[in-house]
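Printed here is entry_16.cif (mmCIF, C-alpha atoms):
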```cif
data_query
#
loop_
_atom_site.label_atom_id
_atom_site.label_comp_id
_atom_site.auth_asym_id
_atom_site.auth_seq_id
_atom_site.Cartn_x
_atom_site.Cartn_y
_atom_site.Cartn_z
CA MET A 1 2.11 -25.80 16.35
CA VAL A 2 -0.08 -23.08 17.78
CA ASN A 3 -1.89 -20.96 15.24
CA ARG A 4 -0.17 -17.65 15.93
CA ASN A 5 0.07 -14.78 13.49
CA VAL A 6 3.82 -14.42 13.01
CA VAL A 7 5.78 -11.69 11.27
CA GLY A 8 9.33 -10.40 11.64
CA ALA A 9 11.41 -12.45 9.21
CA HIS A 10 13.87 -9.54 8.95
CA TYR A 11 14.56 -9.77 5.25
CA GLY A 12 13.17 -8.06 2.21
CA LEU A 13 15.46 -5.08 1.77
CA ARG A 14 17.99 -7.00 -0.33
CA ASP A 15 15.25 -8.33 -2.60
CA TRP A 16 13.73 -4.88 -2.93
CA ILE A 17 17.10 -3.39 -3.96
CA MET A 18 17.76 -6.34 -6.28
CA GLN A 19 14.41 -5.78 -8.03
CA ARG A 20 15.36 -2.17 -8.73
CA VAL A 21 18.96 -2.86 -9.81
CA THR A 22 17.92 -5.69 -12.13
CA ALA A 23 15.29 -3.42 -13.66
CA VAL A 24 18.01 -0.88 -14.50
CA VAL A 25 20.17 -3.61 -16.09
CA MET A 26 17.25 -4.78 -18.23
CA LEU A 27 16.44 -1.22 -19.28
CA ALA A 28 20.07 -0.58 -20.27
CA TYR A 29 20.15 -3.80 -22.29
CA THR A 30 16.87 -3.03 -24.01
CA VAL A 31 18.07 0.42 -25.06
CA ALA A 32 21.45 -0.96 -26.22
CA LEU A 33 19.84 -3.79 -28.18
CA VAL A 34 17.36 -1.48 -29.92
CA VAL A 35 20.18 0.91 -30.89
CA LEU A 36 22.37 -1.97 -32.16
CA LEU A 37 19.55 -3.55 -34.14
CA LEU A 38 18.58 -0.25 -35.76
CA ALA A 39 22.21 0.43 -36.68
CA MET A 40 22.80 -2.86 -38.46
CA PRO A 41 21.27 -4.38 -41.60
CA SER A 42 18.46 -6.73 -40.74
CA ASP A 43 19.77 -10.06 -41.95
CA PHE A 44 20.93 -13.28 -40.37
CA ASP A 45 24.65 -12.68 -40.96
CA SER A 46 24.77 -9.40 -39.08
CA TRP A 47 22.63 -10.90 -36.28
CA LYS A 48 25.13 -13.78 -36.06
CA ALA A 49 28.08 -11.38 -36.13
CA LEU A 50 26.55 -9.33 -33.34
CA PHE A 51 26.05 -12.30 -31.06
CA SER A 52 29.45 -13.79 -31.80
CA GLN A 53 31.05 -10.93 -29.89
CA THR A 54 31.90 -11.86 -26.32
CA TRP A 55 30.74 -8.58 -24.78
CA VAL A 56 27.30 -8.93 -26.40
CA ARG A 57 26.99 -12.47 -25.07
CA LEU A 58 28.16 -11.39 -21.64
CA PHE A 59 25.74 -8.45 -21.55
CA THR A 60 22.93 -10.74 -22.71
CA GLN A 61 23.78 -13.35 -20.10
CA ILE A 62 23.94 -10.77 -17.30
CA THR A 63 20.59 -9.33 -18.44
CA LEU A 64 19.01 -12.78 -18.47
CA LEU A 65 20.34 -13.40 -14.96
CA ALA A 66 18.87 -10.03 -13.94
CA LEU A 67 15.58 -11.03 -15.55
CA PHE A 68 15.40 -14.31 -13.61
CA LEU A 69 16.26 -12.60 -10.31
CA HIS A 70 13.65 -9.93 -11.07
CA VAL A 71 11.09 -12.62 -11.84
CA TRP A 72 11.94 -14.41 -8.59
CA VAL A 73 11.19 -11.34 -6.48
CA GLY A 74 8.06 -10.49 -8.48
CA ILE A 75 6.55 -13.98 -8.56
CA ARG A 76 7.35 -14.55 -4.89
CA ASP A 77 5.49 -11.31 -4.16
CA VAL A 78 2.47 -12.67 -6.00
CA TRP A 79 2.57 -15.90 -3.95
CA MET A 80 2.99 -13.93 -0.72
CA ASP A 81 0.09 -11.63 -1.59
CA TYR A 82 -2.46 -14.21 -2.60
CA ILE A 83 -1.52 -17.71 -1.38
CA LYS A 84 -2.52 -18.16 2.26
CA PRO A 85 -1.70 -21.81 3.16
CA THR A 86 1.97 -21.87 4.22
CA GLY A 87 2.69 -25.34 2.80
CA LEU A 88 1.29 -24.44 -0.62
CA ARG A 89 3.20 -21.15 -0.60
CA LEU A 90 6.48 -22.89 0.25
CA SER A 91 5.86 -25.42 -2.52
CA LEU A 92 5.24 -22.63 -5.03
CA HIS A 93 8.42 -20.85 -3.88
CA VAL A 94 10.43 -24.04 -4.41
CA PHE A 95 8.79 -24.66 -7.78
CA THR A 96 9.60 -21.08 -8.86
CA ILE A 97 13.25 -21.45 -7.81
CA VAL A 98 13.64 -24.78 -9.63
CA TRP A 99 11.91 -23.43 -12.75
CA LEU A 100 14.02 -20.25 -12.86
CA THR A 101 17.24 -22.20 -12.22
CA GLY A 102 16.32 -24.38 -15.21
CA CYS A 103 15.65 -21.27 -17.30
CA PHE A 104 19.02 -19.83 -16.32
CA ILE A 105 20.97 -22.99 -17.18
CA TYR A 106 19.17 -23.23 -20.50
CA SER A 107 19.92 -19.54 -21.20
CA VAL A 108 23.65 -20.27 -20.72
CA LYS A 109 23.40 -23.01 -23.34
CA VAL A 110 21.60 -20.70 -25.78
CA VAL A 111 23.71 -17.58 -25.30
CA TRP A 112 27.09 -19.33 -25.51
CA GLY A 113 26.00 -21.79 -28.18
CA LEU A 114 26.89 -24.87 -26.10
CA GLN A 115 26.13 -28.23 -27.66
CA MET B 1 -34.23 28.85 -0.59
CA THR B 2 -34.64 26.04 -3.11
CA ASN B 3 -34.51 22.48 -1.92
CA GLU B 4 -32.82 19.77 -3.88
CA THR B 5 -33.39 16.02 -3.92
CA ILE B 6 -30.35 13.79 -3.71
CA GLN B 7 -30.51 10.14 -4.79
CA PHE B 8 -28.58 7.61 -2.74
CA ARG B 9 -27.75 3.94 -3.06
CA VAL B 10 -26.63 2.85 0.37
CA TYR B 11 -25.04 -0.40 1.51
CA ARG B 12 -27.25 -1.86 4.22
CA TYR B 13 -26.39 -4.74 6.50
CA ASN B 14 -27.72 -5.49 9.93
CA PRO B 15 -26.28 -8.87 10.94
CA ASP B 16 -29.12 -9.41 13.44
CA GLN B 17 -31.76 -9.19 10.72
CA ASP B 18 -30.22 -9.57 7.27
CA ALA B 19 -28.92 -12.82 5.83
CA LYS B 20 -26.65 -10.82 3.55
CA PRO B 21 -25.93 -7.18 2.67
CA TYR B 22 -28.06 -5.35 0.11
CA MET B 23 -28.12 -1.93 -1.57
CA GLN B 24 -30.98 0.39 -0.64
CA ASP B 25 -32.18 3.12 -2.99
CA ILE B 26 -33.27 6.16 -1.04
CA SER B 27 -33.53 9.88 -1.70
CA VAL B 28 -33.48 12.88 0.57
CA GLU B 29 -34.20 16.58 0.26
CA ILE B 30 -31.39 18.89 1.21
CA ASP B 31 -31.38 22.63 1.82
CA SER B 32 -29.25 25.07 -0.12
CA THR B 33 -27.11 25.46 3.02
CA ASP B 34 -26.28 21.72 3.03
CA ARG B 35 -22.96 21.52 1.24
CA LYS B 36 -21.23 18.36 2.31
CA LEU B 37 -22.16 14.71 1.90
CA LEU B 38 -22.36 14.43 5.68
CA ASP B 39 -25.06 17.12 5.78
CA ALA B 40 -27.14 15.01 3.39
CA LEU B 41 -26.42 11.86 5.41
CA VAL B 42 -27.63 13.54 8.60
CA LYS B 43 -30.87 14.41 6.75
CA LEU B 44 -31.00 10.80 5.54
CA LYS B 45 -30.68 9.58 9.11
CA VAL B 46 -33.67 11.73 10.06
CA LYS B 47 -35.68 10.13 7.25
CA ASP B 48 -34.59 6.56 8.05
CA GLU B 49 -33.07 6.33 11.49
CA THR B 50 -31.93 2.73 10.98
CA ILE B 51 -29.14 3.85 8.62
CA SER B 52 -25.92 3.65 10.62
CA PHE B 53 -22.68 5.53 10.08
CA ARG B 54 -20.01 7.10 12.27
CA ARG B 55 -19.49 10.84 12.47
CA SER B 56 -18.30 13.25 15.07
CA CYS B 57 -16.49 16.52 14.36
CA ARG B 58 -18.05 17.07 10.88
CA GLU B 59 -14.98 19.01 9.73
CA GLY B 60 -12.32 16.49 8.73
CA VAL B 61 -10.46 16.33 12.00
CA CYS B 62 -11.78 13.25 13.80
CA GLY B 63 -11.66 10.81 10.88
CA SER B 64 -14.88 8.99 11.86
CA ASP B 65 -16.93 9.29 8.70
CA ALA B 66 -14.62 7.55 6.23
CA MET B 67 -16.66 5.65 3.66
CA ASN B 68 -16.52 4.43 0.10
CA ILE B 69 -18.20 7.17 -1.94
CA ASN B 70 -18.99 6.25 -5.55
CA GLY B 71 -16.18 3.73 -5.43
CA LYS B 72 -13.53 5.93 -3.82
CA ASN B 73 -12.71 6.22 -0.14
CA GLY B 74 -13.21 9.63 1.41
CA LEU B 75 -14.60 11.58 4.32
CA ALA B 76 -18.30 12.43 4.02
CA CYS B 77 -17.72 15.70 5.87
CA LEU B 78 -15.11 16.93 3.35
CA THR B 79 -16.89 15.79 0.17
CA ASP B 80 -19.11 18.29 -1.63
CA VAL B 81 -22.42 16.54 -2.12
CA ARG B 82 -23.30 18.45 -5.30
CA ASP B 83 -20.09 17.34 -7.03
CA LEU B 84 -21.04 13.67 -6.76
CA LYS B 85 -22.65 11.66 -9.54
CA GLN B 86 -26.09 10.43 -8.52
CA PRO B 87 -27.27 8.06 -7.26
CA ILE B 88 -24.47 8.47 -4.75
CA GLU B 89 -23.32 4.95 -3.96
CA LEU B 90 -22.17 4.62 -0.38
CA ARG B 91 -20.41 1.54 0.93
CA PRO B 92 -18.32 0.86 4.04
CA ILE B 93 -14.57 1.29 3.58
CA PRO B 94 -13.47 -2.00 1.99
CA GLY B 95 -11.54 -4.86 3.50
CA LEU B 96 -12.59 -4.55 7.14
CA PRO B 97 -15.39 -6.55 8.78
CA VAL B 98 -18.74 -4.73 8.64
CA ILE B 99 -20.45 -4.23 11.98
CA ARG B 100 -23.54 -2.59 10.52
CA ASP B 101 -24.27 -0.55 7.36
CA LEU B 102 -21.36 1.88 6.90
CA ILE B 103 -19.71 1.03 10.24
CA VAL B 104 -16.68 -1.27 10.13
CA ASP B 105 -14.60 -2.98 12.78
CA MET B 106 -11.30 -1.04 12.81
CA THR B 107 -9.48 -3.47 15.15
CA GLN B 108 -7.04 -4.75 12.51
CA PHE B 109 -6.27 -1.20 11.41
CA PHE B 110 -5.46 -0.04 14.93
CA THR B 111 -3.56 -3.24 15.76
CA GLN B 112 -1.20 -2.37 12.89
CA TYR B 113 -1.02 1.25 14.00
CA HIS B 114 -0.06 0.26 17.56
CA SER B 115 2.51 -2.24 16.28
CA ILE B 116 4.79 0.60 15.15
CA LYS B 117 4.86 2.15 18.66
CA PRO B 118 3.19 5.45 17.76
CA TYR B 119 4.86 7.54 20.44
CA VAL B 120 8.24 9.18 20.95
CA VAL B 121 10.68 6.75 22.55
CA ASN B 122 13.33 8.69 24.46
CA ASN B 123 15.09 7.19 27.45
CA SER B 124 17.46 10.11 28.03
CA PRO B 125 16.81 12.08 31.23
CA ALA B 126 14.14 14.66 30.52
CA PRO B 127 15.41 18.23 30.45
CA GLU B 128 14.02 20.67 32.97
CA ARG B 129 11.45 22.17 30.66
CA GLU B 130 10.89 20.28 27.39
CA ARG B 131 12.64 18.45 24.56
CA LEU B 132 13.16 21.18 22.01
CA GLN B 133 13.39 20.91 18.23
CA SER B 134 14.81 23.39 15.76
CA PRO B 135 12.28 24.80 13.28
CA GLU B 136 14.09 22.80 10.54
CA ASP B 137 13.77 19.54 12.49
CA ARG B 138 10.12 20.29 13.20
CA LYS B 139 9.57 20.86 9.48
CA GLU B 140 10.49 17.21 8.86
CA LEU B 141 7.21 16.22 10.52
CA ASP B 142 5.04 18.24 8.14
CA GLY B 143 2.98 15.96 5.93
CA LEU B 144 3.28 13.22 8.55
CA TYR B 145 1.72 14.41 11.80
CA GLU B 146 -1.53 15.56 10.14
CA CYS B 147 -2.83 11.99 9.73
CA ILE B 148 -6.22 11.57 11.43
CA LEU B 149 -6.32 7.75 11.18
CA CYS B 150 -9.52 7.67 9.16
CA ALA B 151 -8.26 4.49 7.40
CA CYS B 152 -9.19 5.74 3.92
CA CYS B 153 -5.66 4.91 2.72
CA SER B 154 -5.14 1.48 4.28
CA THR B 155 -8.57 0.24 3.20
CA SER B 156 -7.94 1.32 -0.40
CA CYS B 157 -4.64 -0.57 -0.49
CA PRO B 158 -4.83 -4.02 -2.16
CA SER B 159 -1.81 -5.19 -0.15
CA PHE B 160 -3.72 -4.34 3.04
CA TRP B 161 -6.82 -6.16 1.73
CA TRP B 162 -4.85 -9.38 1.18
CA ASN B 163 -2.70 -9.23 4.32
CA PRO B 164 -4.33 -6.92 6.91
CA ASP B 165 -2.93 -9.11 9.69
CA LYS B 166 0.67 -8.86 8.49
CA PHE B 167 1.11 -5.69 6.41
CA VAL B 168 1.29 -2.51 8.49
CA GLY B 169 -0.51 -0.55 5.77
CA PRO B 170 0.00 3.02 4.55
CA ALA B 171 -1.44 4.73 7.64
CA GLY B 172 0.72 2.72 10.02
CA LEU B 173 3.83 3.19 7.88
CA LEU B 174 3.23 6.95 7.59
CA ALA B 175 3.00 7.04 11.39
CA ALA B 176 6.14 4.90 11.64
CA TYR B 177 8.07 7.39 9.54
CA ARG B 178 6.60 10.26 11.56
CA PHE B 179 8.47 8.89 14.62
CA ILE B 180 11.57 7.87 12.67
CA ALA B 181 11.76 11.46 11.38
CA ASP B 182 11.29 12.93 14.85
CA THR B 183 14.65 14.18 16.17
CA ARG B 184 13.42 13.65 19.75
CA ASP B 185 12.97 9.93 19.15
CA GLU B 186 15.90 7.65 20.01
CA ALA B 187 14.57 4.34 18.71
CA THR B 188 15.23 4.75 14.97
CA SER B 189 17.25 1.54 14.70
CA GLU B 190 14.64 -0.51 16.59
CA ARG B 191 11.90 1.00 14.46
CA LEU B 192 13.73 0.00 11.25
CA ASP B 193 14.33 -3.50 12.68
CA ASN B 194 10.63 -3.73 13.48
CA LEU B 195 9.69 -2.87 9.89
CA GLU B 196 12.37 -4.78 7.97
CA ASP B 197 10.12 -7.62 7.03
CA PRO B 198 8.74 -8.95 3.74
CA TYR B 199 5.19 -8.57 5.04
CA ARG B 200 5.24 -5.60 7.44
CA LEU B 201 6.89 -3.14 5.01
CA PHE B 202 7.68 -4.79 1.70
CA ARG B 203 4.09 -5.69 0.80
CA CYS B 204 3.94 -2.07 -0.40
CA HIS B 205 4.29 -2.20 -4.18
CA SER B 206 3.88 1.58 -4.61
CA ILE B 207 0.40 1.35 -6.11
CA MET B 208 -0.28 4.77 -4.55
CA ASN B 209 -4.00 4.26 -3.95
CA CYS B 210 -3.24 5.70 -0.51
CA VAL B 211 -2.03 8.98 -2.01
CA ASP B 212 -5.02 9.08 -4.32
CA VAL B 213 -7.60 8.90 -1.53
CA CYS B 214 -6.02 10.64 1.48
CA PRO B 215 -8.53 13.32 2.50
CA LYS B 216 -5.75 15.28 4.20
CA GLY B 217 -3.58 15.28 1.05
CA LEU B 218 -0.79 13.27 2.68
CA ASN B 219 1.63 10.98 0.84
CA PRO B 220 2.19 7.64 2.60
CA THR B 221 4.06 6.27 -0.44
CA ARG B 222 6.72 8.97 -0.06
CA ALA B 223 7.04 8.19 3.66
CA ILE B 224 7.40 4.47 2.89
CA GLY B 225 10.07 5.37 0.31
CA LYS B 226 11.96 7.32 2.95
CA ILE B 227 11.83 4.35 5.34
CA LYS B 228 13.30 2.18 2.57
CA ASP B 229 15.95 4.84 1.86
CA LEU B 230 17.03 4.75 5.51
CA MET B 231 17.20 0.95 5.40
CA VAL B 232 19.38 1.13 2.30
CA LYS B 233 21.54 3.78 3.97
CA ARG B 234 22.21 1.58 6.99
CA ALA B 235 22.70 -1.57 4.91
CA VAL B 236 25.18 -0.45 2.24
#
```
Rendering of file as structure tokens:
Amino acid sequence: MVNRNVVGAHYGLRDWIMQRVTAVVMLAYTVALVVLLLAMPSDFDSWKALFSQTWVRLFTQITLLALFLHVWVGIRDVWMDYIKPTGLRLSLHVFTIVWLTGCFIYSVKVVWGLQ
Amino acid sequence: MTNETIQFRVYRYNPDQDAKPYMQDISVEIDSTDRKLLDALVKLKVKDETISFRRSCREGVCGSDAMNINGKNGLACLTDVRDLKQPIELRPIPGLPVIRDLIVDMTQFFTQYHSIKPYVVNNSPAPERERLQSPEDRKELDGLYECILCACCSTSCPSFWWNPDKFVGPAGLLAAYRFIADTRDEATSERLDNLEDPYRLFRCHSIMNCVDVCPKGLNPTRAIGKIKDLMVKRAV
């Protein structure tokens, strides 16, 4: 392979939009959670009651998905900024995807209380 | 007329003689009529003629005398010398290869600038006299056409430091939007295609160092945002 400087992958817009949309989702969830927590008594039973509601679980799950997608774009940006060797960068991308996929699957188990 | 002594700490590097760069402490007397940093530098050059820097128009139009002044990029000819904390630390604009002292090799900067085709592309038959614009359309170019390519912005941008070979940089992207915004240009779609790339455009993380340093008061971040807006508009 000749050592040419190559650019022009023609992607990036979707990730850029995704980063912004997921940020809005996380902000909405943070505000909602703070309001809900302030409105309820701070004990285990009310915490349990809150998270037994399907819409709370769904909102939490969607926010966690948004978080992982947001992290993917952000961490990939860090690799692209600083890691020069292509092979190492690709390996780090793959590692990040595998790690975040694991985090997502585990978050499903936690949020829905799967055994 | 009272004279004043100005203390300098200047980055010196002559690759033919010096193993590595060093900082030289030097002072110079300026007259009360010397107002700008460049005036003092010209006096400094008289005192020590080996100090090298670029300058030409001495009024902020040519963009030659961009340098890192007390840690911030700027034009020596537009910076009031008496406003600066002494010793005034002068370094070459960061991120580009140093040729000598304050002179850098701008090849990478101009390669990026040329990569966005900085000229109006219009393949329609030329009208008899000229391609006219309405005053409103012309207004779109304000804040874009004034760029003098001094490279203060691009060389203060961390994304440009890490990927100067791939990221177009704020100056190039401002110029790109200048032609996208030009109603006489017919290559908008090709220009967006050319920029839709994780490195060429999306290395910009809106740090806004470019806005902070631009000696002409321009806003590359806003121009980059408008490029992204147009990409969103054509994609959704």
Residues in the PyMOL selection byres ((chain B) within 9 of (chain A)), expressed as JSON, numbers by chain: {"B": [159, 162, 163, 165, 166, 193, 194, 195, 196, 197, 198, 199, 200, 201, 202, 203, 228, 231, 232, 235]}
Residues returned when the PyMOL selection byres ((chain B and resi 98) around 12) runs on this file, as JSON, numbers by chain: {"B": [11, 12, 13, 14, 15, 20, 21, 52, 53, 67, 91, 92, 93, 94, 95, 96, 97, 99, 100, 101, 102, 103, 104, 105, 106, 107]}
Distance of CA of Ile148 in chain B from CA of Asn219 in chain B, expressed in Å to one decimal place: 13.2 Å
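Among B:Arg138, B:Arg82, B:Arg9, B:Lys216, the residue with the shortest atom-to-atom distance to Gln24 in chain B, counting only C-alpha atoms, is B:Arg9.
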Expected residue set, 12 Å radius at (21.3, -1.5, -14.5), only C-alpha atoms, as a list in words: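 Returned residue set, sorted by chain then number, is Ile17, Met18, Gln19, Arg20, Val21, Thr22, Ala23, Val24, Val25, Met26, Leu27, Ala28, Tyr29, Thr30, Val31, Ala32, Phe59, Ile62, Thr63, Leu65, Ala66, Leu67 and His70 of chain A.
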Return as a compact mmCIF listing (two decimals) with C-alpha atoms, in the frame of the given file the set of residues that the PyMOL selection byres ((chain B and resi 55-60) around 9) yields on the displayed structure.
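New file expr_0.txt:
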```txt
# COMPACT_ATOMS: atom_id res chain seq x y z
CA LEU B 38 -22.36 14.43 5.68
CA ASP B 39 -25.06 17.12 5.78
CA PHE B 53 -22.68 5.53 10.08
CA ARG B 54 -20.01 7.10 12.27
CA VAL B 61 -10.46 16.33 12.00
CA CYS B 62 -11.78 13.25 13.80
CA GLY B 63 -11.66 10.81 10.88
CA SER B 64 -14.88 8.99 11.86
CA ASP B 65 -16.93 9.29 8.70
CA ALA B 66 -14.62 7.55 6.23
CA LEU B 75 -14.60 11.58 4.32
CA ALA B 76 -18.30 12.43 4.02
CA CYS B 77 -17.72 15.70 5.87
CA LEU B 78 -15.11 16.93 3.35
CA ILE B 148 -6.22 11.57 11.43
CA PRO B 215 -8.53 13.32 2.50
CA LYS B 216 -5.75 15.28 4.20
```
Given only C-alpha atoms as the counted atoms, nearest of B:Pro164, B:Pro158, B:Gly74, B:Gly172 to Tyr113 in chain B: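 Closest residue, counting only C-alpha atoms: B:Gly172.
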Å distance separating CA of Val56 in chain A from CA of Trp112 in chain A, one decimal place: 10.4 Å
Give me the box for range 40-50 of chain A as AutoDock Vina command-line options, namely the centre and edge lengths in Å to one decimal of a box along x, y and z that holds every listed atom plus 5 Å on each side.
```
--center_x 23.3 --center_y -8.3 --center_z -37.6 --size_x 19.6 --size_y 20.9 --size_z 18.6
```
Atom-to-atom span, CA of Phe167 in chain B and CA of Trp79 in chain A, Å: 14.6 Å
Close residues, range 115-130 of chain B itself excluded, 9 Å, only C-alpha atoms, min 4 positions apart in chain, as a list in words: Phe110, Thr111, Val168, Gly172, Leu173, Ala175, Ala176, Arg178, Phe179, Asp182, Arg184, Asp185, Glu186, Ala187, Arg191, Asn194 and Leu195 of chain B
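With all atoms listed in the file as the atoms that count, the residue of B:Asp83, B:Val213, B:Arg234, B:Ile224 with the shortest distance to Gly71 in chain B is B:Val213.
Proximity of A:Pro85, A:Phe68, A:Ile75, A:Asp45 to Thr101 in chain A, computed with only C-alpha atoms, is greatest for A:Phe68.
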Answer as a PDB file with C-alpha atoms, keeping the file's coordinate frame, residues within 10 Å of (-2.6, 4.3, 3.6) using all atoms listed in the file:
```pdb
ATOM      1  CA  CYS B 147      -2.830  11.990   9.730  1.00  0.00           C
ATOM      2  CA  LEU B 149      -6.320   7.750  11.180  1.00  0.00           C
ATOM      3  CA  CYS B 150      -9.520   7.670   9.160  1.00  0.00           C
ATOM      4  CA  ALA B 151      -8.260   4.490   7.400  1.00  0.00           C
ATOM      5  CA  CYS B 152      -9.190   5.740   3.920  1.00  0.00           C
ATOM      6  CA  CYS B 153      -5.660   4.910   2.720  1.00  0.00           C
ATOM      7  CA  SER B 154      -5.140   1.480   4.280  1.00  0.00           C
ATOM      8  CA  THR B 155      -8.570   0.240   3.200  1.00  0.00           C
ATOM      9  CA  SER B 156      -7.940   1.320  -0.400  1.00  0.00           C
ATOM     10  CA  CYS B 157      -4.640  -0.570  -0.490  1.00  0.00           C
ATOM     11  CA  PHE B 160      -3.720  -4.340   3.040  1.00  0.00           C
ATOM     12  CA  VAL B 168       1.290  -2.510   8.490  1.00  0.00           C
ATOM     13  CA  GLY B 169      -0.510  -0.550   5.770  1.00  0.00           C
ATOM     14  CA  PRO B 170       0.000   3.020   4.550  1.00  0.00           C
ATOM     15  CA  ALA B 171      -1.440   4.730   7.640  1.00  0.00           C
ATOM     16  CA  GLY B 172       0.720   2.720  10.020  1.00  0.00           C
ATOM     17  CA  LEU B 173       3.830   3.190   7.880  1.00  0.00           C
ATOM     18  CA  LEU B 174       3.230   6.950   7.590  1.00  0.00           C
ATOM     19  CA  ALA B 175       3.000   7.040  11.390  1.00  0.00           C
ATOM     20  CA  CYS B 204       3.940  -2.070  -0.400  1.00  0.00           C
ATOM     21  CA  MET B 208      -0.280   4.770  -4.550  1.00  0.00           C
ATOM     22  CA  ASN B 209      -4.000   4.260  -3.950  1.00  0.00           C
ATOM     23  CA  CYS B 210      -3.240   5.700  -0.510  1.00  0.00           C
ATOM     24  CA  VAL B 211      -2.030   8.980  -2.010  1.00  0.00           C
ATOM     25  CA  ASP B 212      -5.020   9.080  -4.320  1.00  0.00           C
ATOM     26  CA  VAL B 213      -7.600   8.900  -1.530  1.00  0.00           C
ATOM     27  CA  CYS B 214      -6.020  10.640   1.480  1.00  0.00           C
ATOM     28  CA  LEU B 218      -0.790  13.270   2.680  1.00  0.00           C
ATOM     29  CA  ASN B 219       1.630  10.980   0.840  1.00  0.00           C
ATOM     30  CA  PRO B 220       2.190   7.640   2.600  1.00  0.00           C
ATOM     31  CA  THR B 221       4.060   6.270  -0.440  1.00  0.00           C
TER      32      THR B 221
END
```
Shortest interatomic distance to Phe51 in chain A - which of A:Val73, A:Val98, A:Val110, A:Leu88, counting all atoms listed in the file: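 Closest to Phe51 in chain A of all the choices is A:Val110.
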Within 7 Å of His93 in chain A using only C-alpha atoms, minus same-chain residues under 4 positions, as a list of chain:residue names: A:Arg76, A:Arg89, A:Ile97
With C-alpha atoms retained, write the just-selected residues as a PDB file, keeping the file's coordinate frame.
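Final output, saved to part-v4.pdb:
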```
ATOM      1  CA  ARG A  76       7.350 -14.550  -4.890  1.00  0.00           C
ATOM      2  CA  ARG A  89       3.200 -21.150  -0.600  1.00  0.00           C
ATOM      3  CA  ILE A  97      13.250 -21.450  -7.810  1.00  0.00           C
TER       4      ILE A  97
END
```
